[in-house]
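Trainee: coords.cif is reproduced below (mmCIF, C-alpha atoms and all ligand atoms).
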data_final
loop_
_atom_site.label_atom_id
_atom_site.label_comp_id
_atom_site.auth_asym_id
_atom_site.auth_seq_id
_atom_site.Cartn_x
_atom_site.Cartn_y
_atom_site.Cartn_z
CA MET R 1 -17.01 -3.68 12.37
CA ASP R 2 -20.61 -4.10 11.21
CA SER R 3 -21.86 -0.84 12.64
CA THR R 4 -19.06 1.04 10.93
CA ALA R 5 -19.66 -0.70 7.64
CA ALA R 6 -23.28 0.35 7.79
CA SER R 7 -22.21 4.00 7.98
CA VAL R 8 -20.74 3.76 4.49
CA THR R 9 -23.91 4.91 2.78
CA PRO R 10 -23.31 6.45 -0.64
CA ALA R 11 -24.23 4.15 -3.50
CA VAL R 12 -22.41 6.42 -5.94
CA TYR R 13 -19.65 8.92 -5.38
CA GLY R 14 -20.84 12.15 -3.85
CA GLU R 15 -19.61 15.45 -5.22
CA SER R 16 -17.66 16.19 -2.06
CA ASP R 17 -15.36 13.20 -2.57
CA ARG R 18 -12.18 13.51 -4.54
CA PRO R 19 -12.85 12.19 -8.04
CA PRO R 20 -11.00 8.98 -8.69
CA ARG R 21 -9.78 9.31 -12.21
CA GLY R 22 -10.91 6.01 -13.59
CA ASP R 23 -14.54 5.75 -12.74
CA TYR R 24 -15.69 9.36 -12.94
CA SER R 25 -14.41 9.71 -16.45
CA ARG R 26 -16.45 6.69 -17.49
CA GLY R 27 -19.45 7.92 -15.55
CA GLY R 28 -19.80 4.52 -13.92
CA THR R 29 -21.29 3.77 -10.55
CA VAL R 30 -19.76 2.01 -7.60
CA LEU R 31 -21.30 -0.16 -4.95
CA ALA R 32 -22.03 0.96 -1.40
CA ASP R 33 -18.69 -0.38 -0.20
CA TYR R 34 -16.91 1.64 -2.93
CA THR R 35 -15.91 -1.43 -4.89
CA CYS R 36 -16.74 -1.80 -8.57
CA PRO R 37 -16.59 -4.55 -11.17
CA GLN R 38 -13.11 -4.96 -12.67
CA ASP R 39 -14.55 -4.74 -16.22
CA TRP R 40 -11.59 -6.63 -17.63
CA ALA R 41 -12.99 -6.49 -21.18
CA SER R 42 -12.57 -2.71 -21.28
CA TYR R 43 -8.77 -2.84 -21.06
CA THR R 44 -7.18 -2.06 -24.41
CA ALA R 45 -4.21 -3.82 -25.99
CA ALA R 46 -2.16 -0.73 -25.06
CA ASP R 47 -3.26 -1.10 -21.40
CA HIS R 48 -2.11 -4.73 -21.30
CA ASP R 49 1.14 -3.75 -22.97
CA THR R 50 1.80 -1.06 -20.35
CA TYR R 51 1.28 -3.62 -17.58
CA ARG R 52 3.54 -6.14 -19.32
CA ARG R 53 6.36 -3.62 -19.75
CA LEU R 54 6.08 -2.34 -16.18
CA TYR R 55 6.10 -5.89 -14.80
CA GLU R 56 9.10 -6.91 -16.89
CA ARG R 57 11.18 -3.87 -15.94
CA GLN R 58 10.40 -4.09 -12.25
CA ALA R 59 10.75 -7.87 -11.89
CA ALA R 60 14.26 -7.63 -13.35
CA GLN R 61 15.54 -5.45 -10.53
CA LEU R 62 14.08 -7.31 -7.53
CA PRO R 63 16.99 -9.65 -6.67
CA GLY R 64 18.99 -8.28 -3.76
CA LEU R 65 16.52 -5.42 -3.23
CA ALA R 66 13.07 -6.95 -2.58
CA CYS R 67 12.41 -9.07 0.52
CA ASP R 68 12.18 -12.86 0.25
CA ALA R 69 8.44 -12.98 0.97
CA PHE R 70 7.74 -10.67 -1.97
CA ILE R 71 9.95 -12.54 -4.41
CA ALA R 72 8.48 -15.88 -3.36
CA ALA R 73 4.87 -14.72 -3.81
CA LEU R 74 5.20 -12.65 -7.00
CA PRO R 75 4.50 -15.64 -9.30
CA SER R 76 1.18 -16.07 -7.48
CA LEU R 77 -0.08 -13.02 -9.39
CA GLY R 78 -0.22 -15.38 -12.38
CA VAL R 79 0.08 -13.90 -15.85
CA LYS R 80 2.69 -11.21 -16.35
CA ASP R 81 2.11 -10.28 -19.98
CA ARG R 82 -1.34 -8.74 -19.43
CA ILE R 83 -3.45 -7.29 -16.63
CA PRO R 84 -4.65 -10.28 -14.60
CA HIS R 85 -8.26 -11.09 -13.82
CA PHE R 86 -8.67 -10.36 -10.10
CA ASP R 87 -10.77 -13.54 -9.76
CA GLU R 88 -7.80 -15.68 -10.80
CA ILE R 89 -5.57 -14.08 -8.18
CA ASN R 90 -8.25 -14.52 -5.56
CA GLU R 91 -8.35 -18.28 -6.00
CA ARG R 92 -4.73 -18.45 -4.86
CA LEU R 93 -4.78 -15.57 -2.37
CA TYR R 94 -7.84 -16.74 -0.50
CA LYS R 95 -6.34 -20.19 -0.08
CA ALA R 96 -3.07 -18.71 1.20
CA THR R 97 -4.27 -16.13 3.72
CA ARG R 98 -8.04 -15.71 3.31
CA TRP R 99 -7.53 -12.28 1.73
CA GLU R 100 -9.22 -11.18 -1.50
CA VAL R 101 -8.59 -8.32 -3.87
CA VAL R 102 -11.57 -6.18 -4.89
CA ALA R 103 -11.69 -3.58 -7.66
CA VAL R 104 -12.08 0.10 -6.79
CA PRO R 105 -12.26 3.06 -9.19
CA GLY R 106 -9.33 4.91 -7.55
CA LEU R 107 -8.62 6.45 -4.17
CA ILE R 108 -11.60 5.98 -1.91
CA PRO R 109 -12.47 7.73 1.39
CA GLU R 110 -10.85 6.56 4.59
CA VAL R 111 -13.77 4.79 6.26
CA PRO R 112 -14.61 2.52 3.32
CA PHE R 113 -10.88 1.93 2.78
CA PHE R 114 -10.35 0.85 6.39
CA THR R 115 -13.57 -1.18 6.33
CA LEU R 116 -12.39 -3.21 3.35
CA LEU R 117 -9.01 -3.90 4.99
CA ALA R 118 -10.66 -4.89 8.26
CA ASN R 119 -12.66 -7.44 6.23
CA ARG R 120 -9.55 -8.79 4.51
CA LYS R 121 -10.47 -7.23 1.18
CA PHE R 122 -7.68 -5.30 -0.48
CA PRO R 123 -8.84 -2.47 -2.77
CA VAL R 124 -7.07 -2.57 -6.13
CA THR R 125 -7.51 0.34 -8.53
CA ASP R 126 -8.94 -0.97 -11.80
CA TRP R 127 -7.37 1.45 -14.31
CA ILE R 128 -3.80 1.60 -15.57
CA ARG R 129 -1.56 4.62 -16.17
CA THR R 130 -1.10 6.11 -19.64
CA PRO R 131 2.15 5.50 -21.55
CA GLU R 132 3.14 9.12 -20.71
CA GLU R 133 2.98 8.21 -17.00
CA PHE R 134 5.08 5.09 -17.44
CA ASP R 135 7.87 6.10 -15.06
CA TYR R 136 5.92 7.99 -12.45
CA ILE R 137 2.32 8.31 -11.39
CA VAL R 138 0.90 10.30 -8.48
CA GLU R 139 -2.13 8.12 -7.71
CA PRO R 140 -2.12 4.35 -7.31
CA ASP R 141 -3.09 2.43 -10.46
CA VAL R 142 -3.60 -1.29 -11.08
CA PHE R 143 0.14 -1.90 -11.49
CA HIS R 144 1.07 -0.27 -8.17
CA ASP R 145 -1.78 -1.97 -6.34
CA LEU R 146 -1.33 -5.46 -7.78
CA PHE R 147 2.41 -5.73 -8.24
CA GLY R 148 3.33 -3.64 -5.19
CA HIS R 149 0.80 -4.75 -2.61
CA VAL R 150 -0.70 -8.11 -3.43
CA PRO R 151 2.37 -10.40 -3.19
CA MET R 152 2.91 -9.30 0.41
CA LEU R 153 -0.65 -10.34 1.28
CA PHE R 154 0.45 -13.94 0.72
CA ASP R 155 2.62 -13.64 3.87
CA PRO R 156 0.47 -14.70 6.86
CA ALA R 157 1.94 -12.29 9.45
CA PHE R 158 1.92 -9.34 7.07
CA ALA R 159 -1.62 -10.17 5.95
CA ASP R 160 -2.78 -10.15 9.58
CA TYR R 161 -1.02 -6.83 10.14
CA VAL R 162 -2.92 -5.17 7.27
CA GLN R 163 -6.25 -6.39 8.63
CA ARG R 164 -5.35 -5.05 12.07
CA TYR R 165 -4.35 -1.77 10.45
CA GLY R 166 -7.83 -1.50 8.94
CA GLN R 167 -9.44 -2.16 12.32
CA GLY R 168 -7.15 0.45 13.87
CA GLY R 169 -8.05 2.89 11.10
CA LEU R 170 -11.73 2.71 11.97
CA LYS R 171 -10.89 3.47 15.61
CA ALA R 172 -8.50 6.26 14.62
CA HIS R 173 -11.16 7.81 12.43
CA ALA R 174 -13.49 8.01 15.40
CA GLN R 175 -10.71 9.68 17.41
CA GLU R 176 -9.64 12.04 14.62
CA ALA R 177 -6.19 10.50 14.64
CA CYS R 178 -6.12 9.37 11.01
CA GLU R 179 -3.18 11.59 10.08
CA LYS R 180 -0.96 9.84 12.63
CA LEU R 181 -2.13 6.38 11.65
CA ALA R 182 -1.78 7.15 7.93
CA ARG R 183 1.91 7.80 8.56
CA LEU R 184 2.25 4.30 9.95
CA TYR R 185 0.72 2.90 6.75
CA TRP R 186 3.02 5.07 4.69
CA TYR R 187 6.19 4.02 6.51
CA THR R 188 5.29 0.31 6.62
CA VAL R 189 2.86 -0.91 3.93
CA GLU R 190 4.03 1.67 1.37
CA PHE R 191 7.69 2.35 2.18
CA GLY R 192 8.80 -0.25 4.71
CA LEU R 193 12.22 -1.92 4.83
CA ILE R 194 13.03 -5.21 6.55
CA ARG R 195 16.35 -6.52 7.78
CA GLN R 196 17.13 -9.96 6.36
CA PRO R 197 20.26 -11.97 7.23
CA GLU R 198 21.91 -10.80 3.98
CA GLY R 199 20.98 -7.15 4.50
CA LEU R 200 18.18 -4.61 4.09
CA ARG R 201 15.34 -5.40 1.70
CA ALA R 202 12.13 -3.63 0.67
CA TYR R 203 8.63 -4.82 1.55
CA GLY R 204 6.73 -1.54 0.97
CA ALA R 205 4.60 -1.36 -2.18
CA GLY R 206 5.59 2.22 -3.02
CA ILE R 207 9.20 1.09 -3.20
CA LEU R 208 8.58 -2.26 -4.88
CA SER R 209 6.51 -0.74 -7.68
CA SER R 210 8.88 2.19 -8.31
CA VAL R 211 11.59 1.96 -10.93
CA GLY R 212 13.95 4.38 -9.18
CA GLU R 213 13.10 4.23 -5.51
CA LEU R 214 13.88 0.54 -5.03
CA ARG R 215 17.63 1.03 -5.27
CA HIS R 216 17.49 4.40 -3.51
CA ALA R 217 15.60 2.98 -0.54
CA VAL R 218 17.73 -0.10 -0.06
CA GLN R 219 21.22 1.01 -1.10
CA SER R 220 21.62 4.80 -1.30
CA ALA R 221 23.64 6.49 1.43
CA ALA R 222 21.36 9.55 1.29
CA PRO R 223 18.24 8.56 3.28
CA LEU R 224 17.92 8.14 7.02
CA ARG R 225 17.01 4.57 8.04
CA LEU R 226 15.71 4.06 11.57
CA PRO R 227 14.39 1.06 13.46
CA LEU R 228 10.59 1.17 13.37
CA ASP R 229 9.29 2.93 16.46
CA LEU R 230 5.56 3.78 16.46
CA PRO R 231 5.72 7.30 17.96
CA ARG R 232 8.74 8.19 15.83
CA ALA R 233 7.04 7.05 12.62
CA MET R 234 3.72 8.67 13.49
CA ARG R 235 5.43 12.04 14.11
CA THR R 236 7.34 11.96 10.83
CA ARG R 237 6.01 13.89 7.86
CA TYR R 238 6.37 12.22 4.50
CA LYS R 239 6.97 13.23 0.93
CA ILE R 240 4.51 12.48 -1.82
CA ASP R 241 6.43 14.02 -4.73
CA SER R 242 9.96 12.65 -4.31
CA TYR R 243 11.80 9.63 -2.92
CA GLN R 244 11.49 9.28 0.86
CA SER R 245 14.28 10.70 2.97
CA THR R 246 13.38 8.63 6.05
CA TYR R 247 12.66 4.89 6.04
CA PHE R 248 11.81 2.65 8.98
CA VAL R 249 13.28 -0.84 9.29
CA ILE R 250 11.60 -3.88 10.85
CA GLU R 251 13.18 -7.20 11.83
CA SER R 252 10.19 -9.42 10.95
CA PHE R 253 6.53 -9.23 9.97
CA ALA R 254 5.65 -10.79 13.31
CA GLN R 255 7.27 -7.74 14.94
CA LEU R 256 4.99 -5.48 12.88
CA PHE R 257 1.93 -7.43 13.92
CA ASP R 258 2.95 -7.42 17.59
CA LEU R 259 3.71 -3.69 17.61
CA THR R 260 0.13 -2.98 16.63
CA ALA R 261 -1.53 -5.20 19.23
CA PRO R 262 -2.06 -2.47 21.87
CA ASP R 263 -4.88 0.06 21.65
CA PHE R 264 -3.42 3.27 20.22
CA THR R 265 -5.61 5.67 22.23
CA PRO R 266 -2.91 6.55 24.81
CA LEU R 267 -0.37 6.85 22.00
CA TYR R 268 -2.56 9.34 20.12
CA GLN R 269 -3.03 11.31 23.35
CA MET R 270 0.71 11.44 23.90
CA LEU R 271 1.38 12.44 20.29
CA ALA R 272 -1.13 15.28 20.44
CA ALA R 273 1.36 17.13 22.66
CA GLN R 274 4.37 16.44 20.44
CA SER R 275 5.56 18.25 17.34
CA ASP R 276 5.91 16.71 13.90
CA ILE R 277 9.36 15.74 12.61
CA GLU R 278 10.37 16.74 9.11
CA ALA R 279 11.11 14.01 6.58
CA GLY R 280 14.83 13.25 6.70
CA ALA R 281 15.43 15.04 10.02
CA LYS R 282 17.53 13.20 12.58
CA LEU R 283 16.81 13.60 16.29
CA PRO R 284 19.70 13.83 18.79
CA GLY R 285 21.20 10.40 19.39
CA GLU R 286 19.80 8.82 16.23
CA SER R 287 21.99 7.13 13.65
CA SER R 288 21.11 5.67 10.28
CA ALA R 289 21.24 1.96 9.45
N1 LIG G 1 -7.89 4.29 -1.42
N2 LIG G 1 -7.82 2.95 -3.29
C1 LIG G 1 -7.22 3.46 -2.21
N3 LIG G 1 -5.93 3.12 -1.94
C2 LIG G 1 -5.28 3.64 -0.85
O1 LIG G 1 -4.11 3.33 -0.62
C3 LIG G 1 -5.98 4.52 -0.01
C4 LIG G 1 -7.30 4.81 -0.33
N4 LIG G 1 -8.00 5.65 0.48
C5 LIG G 1 -7.45 6.18 1.68
C6 LIG G 1 -6.03 5.86 1.90
N5 LIG G 1 -5.39 5.07 1.10
C7 LIG G 1 -5.30 6.48 3.07
O2 LIG G 1 -6.16 7.18 3.89
C8 LIG G 1 -4.47 5.48 3.86
O3 LIG G 1 -3.14 5.81 3.58
C9 LIG G 1 -4.60 5.54 5.32
FE FE G 2 -0.17 1.71 -2.23
#
Starting from the file, lay out its structure as structure tokens.

Mentor:
Amino acid sequence: MDSTAASVTPAVYGESDRPPRGDYSRGGTVLADYTCPQDWASYTAADHDTYRRLYERQAAQLPGLACDAFIAALPSLGVKDRIPHFDEINERLYKATRWEVVAVPGLIPEVPFFTLLANRKFPVTDWIRTPEEFDYIVEPDVFHDLFGHVPMLFDPAFADYVQRYGQGGLKAHAQEACEKLARLYWYTVEFGLIRQPEGLRAYGAGILSSVGELRHAVQSAAPLRLPLDLPRAMRTRYKIDSYQSTYFVIESFAQLFDLTAPDFTPLYQMLAAQSDIEAGAKLPGESSA
């Protein structure tokens, strides 16, 4: 891990990197690990109000749709009527699972992203969407990152899975297999479903932070829902501009952790010879849950 961390050299964003919206526009600098100070004082009253309204709307529709672990941990975010101080969350999160959240100015390159995860530091975008983007935003903002992702990091098995994902990401990067591994992140951490005794529930942050996709993912008859299978998920293309048309279902977070124990090198080699599967496409013999 250390040798890889040392390869993350830029002290400020280079011109070749995709500009994260928040920090570039302020002309600020970031640290060598791509984190930045949260700069809580710079949030406006309108920013806090956006967070409060997003939180209120989304919290109201969780029962019956979000998984138990998420609902149980959501209060650990603390305040809901303004953007929280990350330090306050960290006091509780570190005690629970030894994870911490760190501020980042937006999307960061893969190697620093994986490095942070491998070190149990979850990057949380510091800026919040504008009122015009209230219902939908393309990039992650502080609401998606905090509300969607952080409650799940209070679950010990899930928290261990995300760290292992970061470690796997660094290996995948070295093997040029990031596209395949990114699909696993997409179909688990972002858009994963879990089977609970009472029925399907969401644990993926992209679902849990979305006003419309939560019900679509859990209850709509339209999407294909398959048991999580690593090669199947890694071959499946995903959509970034509409609700997903394929979701993968796990039985437990321990299952997720166990699935990712083996080294993925032979899996990547096998997948190199296989074609991608379109989002929503069903293979012969498959049926939807
Ligand atoms: N950066 N801040 C941030 N958040 C992400 O989710 C993120 C990222 N950089 C890279 C990245 N995700 C992807 O490469 C992962 O899906 C694998
Ligand atoms: Fe996310």

Trainee: Within 8 Å of ligand LIG 1 (chain G), counting all atoms listed in the file: which residues, as number ranges by chain?

Mentor: R: 104-114, 123-125, 140, 145, 169, 178-179, 181-183, 185-186

Trainee: Around ligand FE 2 (chain G), out to 7 Å and counting all atoms listed in the file, which residues are there? I want them as a list in words.

Mentor: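 Using all atoms listed in the file, everything at most 7 Å from ligand FE 2 (chain G) comes to Pro140, His144, Asp145, His149, Glu190, Ala205 and Gly206 of chain R.
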
Trainee: Excluding stretch 210-224 of chain R and any residue of its chain fewer than 5 positions from it, enumerate the residues within 10 Å of it, using only C-alpha atoms, and give them as a VMD selection string.

Mentor: chain R and resid 54 57 to 59 61 to 62 64 to 66 134 to 137 144 148 191 to 194 199 to 205 242 to 248 279 to 282 286 to 289

Trainee: Figure out the distance between atom CA of R:Gly78 and atom CA of R:Asp155, please, to one decimal in Å.

Mentor: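 About the pair atom CA of R:Asp155 and atom CA of R:Gly78: they are 16.6 Å apart.
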
Trainee: What separation in Å, quoted to one decimal, exists between atom CA of R:Gln196 and atom CA of R:Val142?

Mentor: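 Taking atom CA of R:Gln196 as the start and atom CA of R:Val142 as the end point, the length is 28.4 Å.
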
Trainee: What lies within 9 Å of R:Leu170 using only C-alpha atoms, ignoring chain neighbours under 3 positions off, as a list in words?

Mentor: Met1, Thr4, Glu110, Val111, Phe114, Thr115, Ala118, Tyr165, Gly166, Gln167, His173, Ala174, Gln175 and Cys178 of chain R

Trainee: Output C-alpha atoms of each residue in that selection to a file, as a PDB file, in the coordinates of the input.

Mentor:
ATOM      1  CA  MET R   1     -17.010  -3.680  12.370  1.00  0.00           C
ATOM      2  CA  THR R   4     -19.060   1.040  10.930  1.00  0.00           C
ATOM      3  CA  GLU R 110     -10.850   6.560   4.590  1.00  0.00           C
ATOM      4  CA  VAL R 111     -13.770   4.790   6.260  1.00  0.00           C
ATOM      5  CA  PHE R 114     -10.350   0.850   6.390  1.00  0.00           C
ATOM      6  CA  THR R 115     -13.570  -1.180   6.330  1.00  0.00           C
ATOM      7  CA  ALA R 118     -10.660  -4.890   8.260  1.00  0.00           C
ATOM      8  CA  TYR R 165      -4.350  -1.770  10.450  1.00  0.00           C
ATOM      9  CA  GLY R 166      -7.830  -1.500   8.940  1.00  0.00           C
ATOM     10  CA  GLN R 167      -9.440  -2.160  12.320  1.00  0.00           C
ATOM     11  CA  HIS R 173     -11.160   7.810  12.430  1.00  0.00           C
ATOM     12  CA  ALA R 174     -13.490   8.010  15.400  1.00  0.00           C
ATOM     13  CA  GLN R 175     -10.710   9.680  17.410  1.00  0.00           C
ATOM     14  CA  CYS R 178      -6.120   9.370  11.010  1.00  0.00           C
TER      15      CYS R 178
END

Trainee: So how far away is atom CA of R:Asp160 from atom CA of R:Asp126, in Å?

Mentor: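 Distance between the two atoms: 24.1 Å.
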
Trainee: Name the closest residue to R:Met152 among the candidates R:Ala233, R:Ile277, R:Ala41, R:Leu208; distances are taken between atoms, counting all atoms listed in the file.

Mentor: R:Leu208

Trainee: Which of these, R:Ser275, R:Gln255, R:Gln163, R:Thr265, has the shortest distance to R:Arg98 once you count all atoms listed in the file?

Mentor: R:Gln163

Trainee: Between R:Gly168, R:Pro262, R:Gly285, R:Pro151, single out the one closest to R:Val101, counting only C-alpha atoms.

Mentor: R:Pro151

Trainee: R:Leu153, R:Tyr34, R:Glu91, R:Ala261: which is nearest R:Phe70, counting all atoms listed in the file?

Mentor: R:Leu153

Trainee: Using all atoms listed in the file, can you tell me which of R:Tyr55, R:Ile71, R:Pro84, R:Ala103 comes closest to R:Gln38?

Mentor: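 Looking only at the distances to R:Gln38, the closest residue turns out to be R:Ala103.
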
Trainee: Just checking: using only C-alpha atoms, which residue out of R:Leu283, R:Asp263, R:Ala46, R:Glu56 ends up closest to R:Phe147?

Mentor: R:Glu56
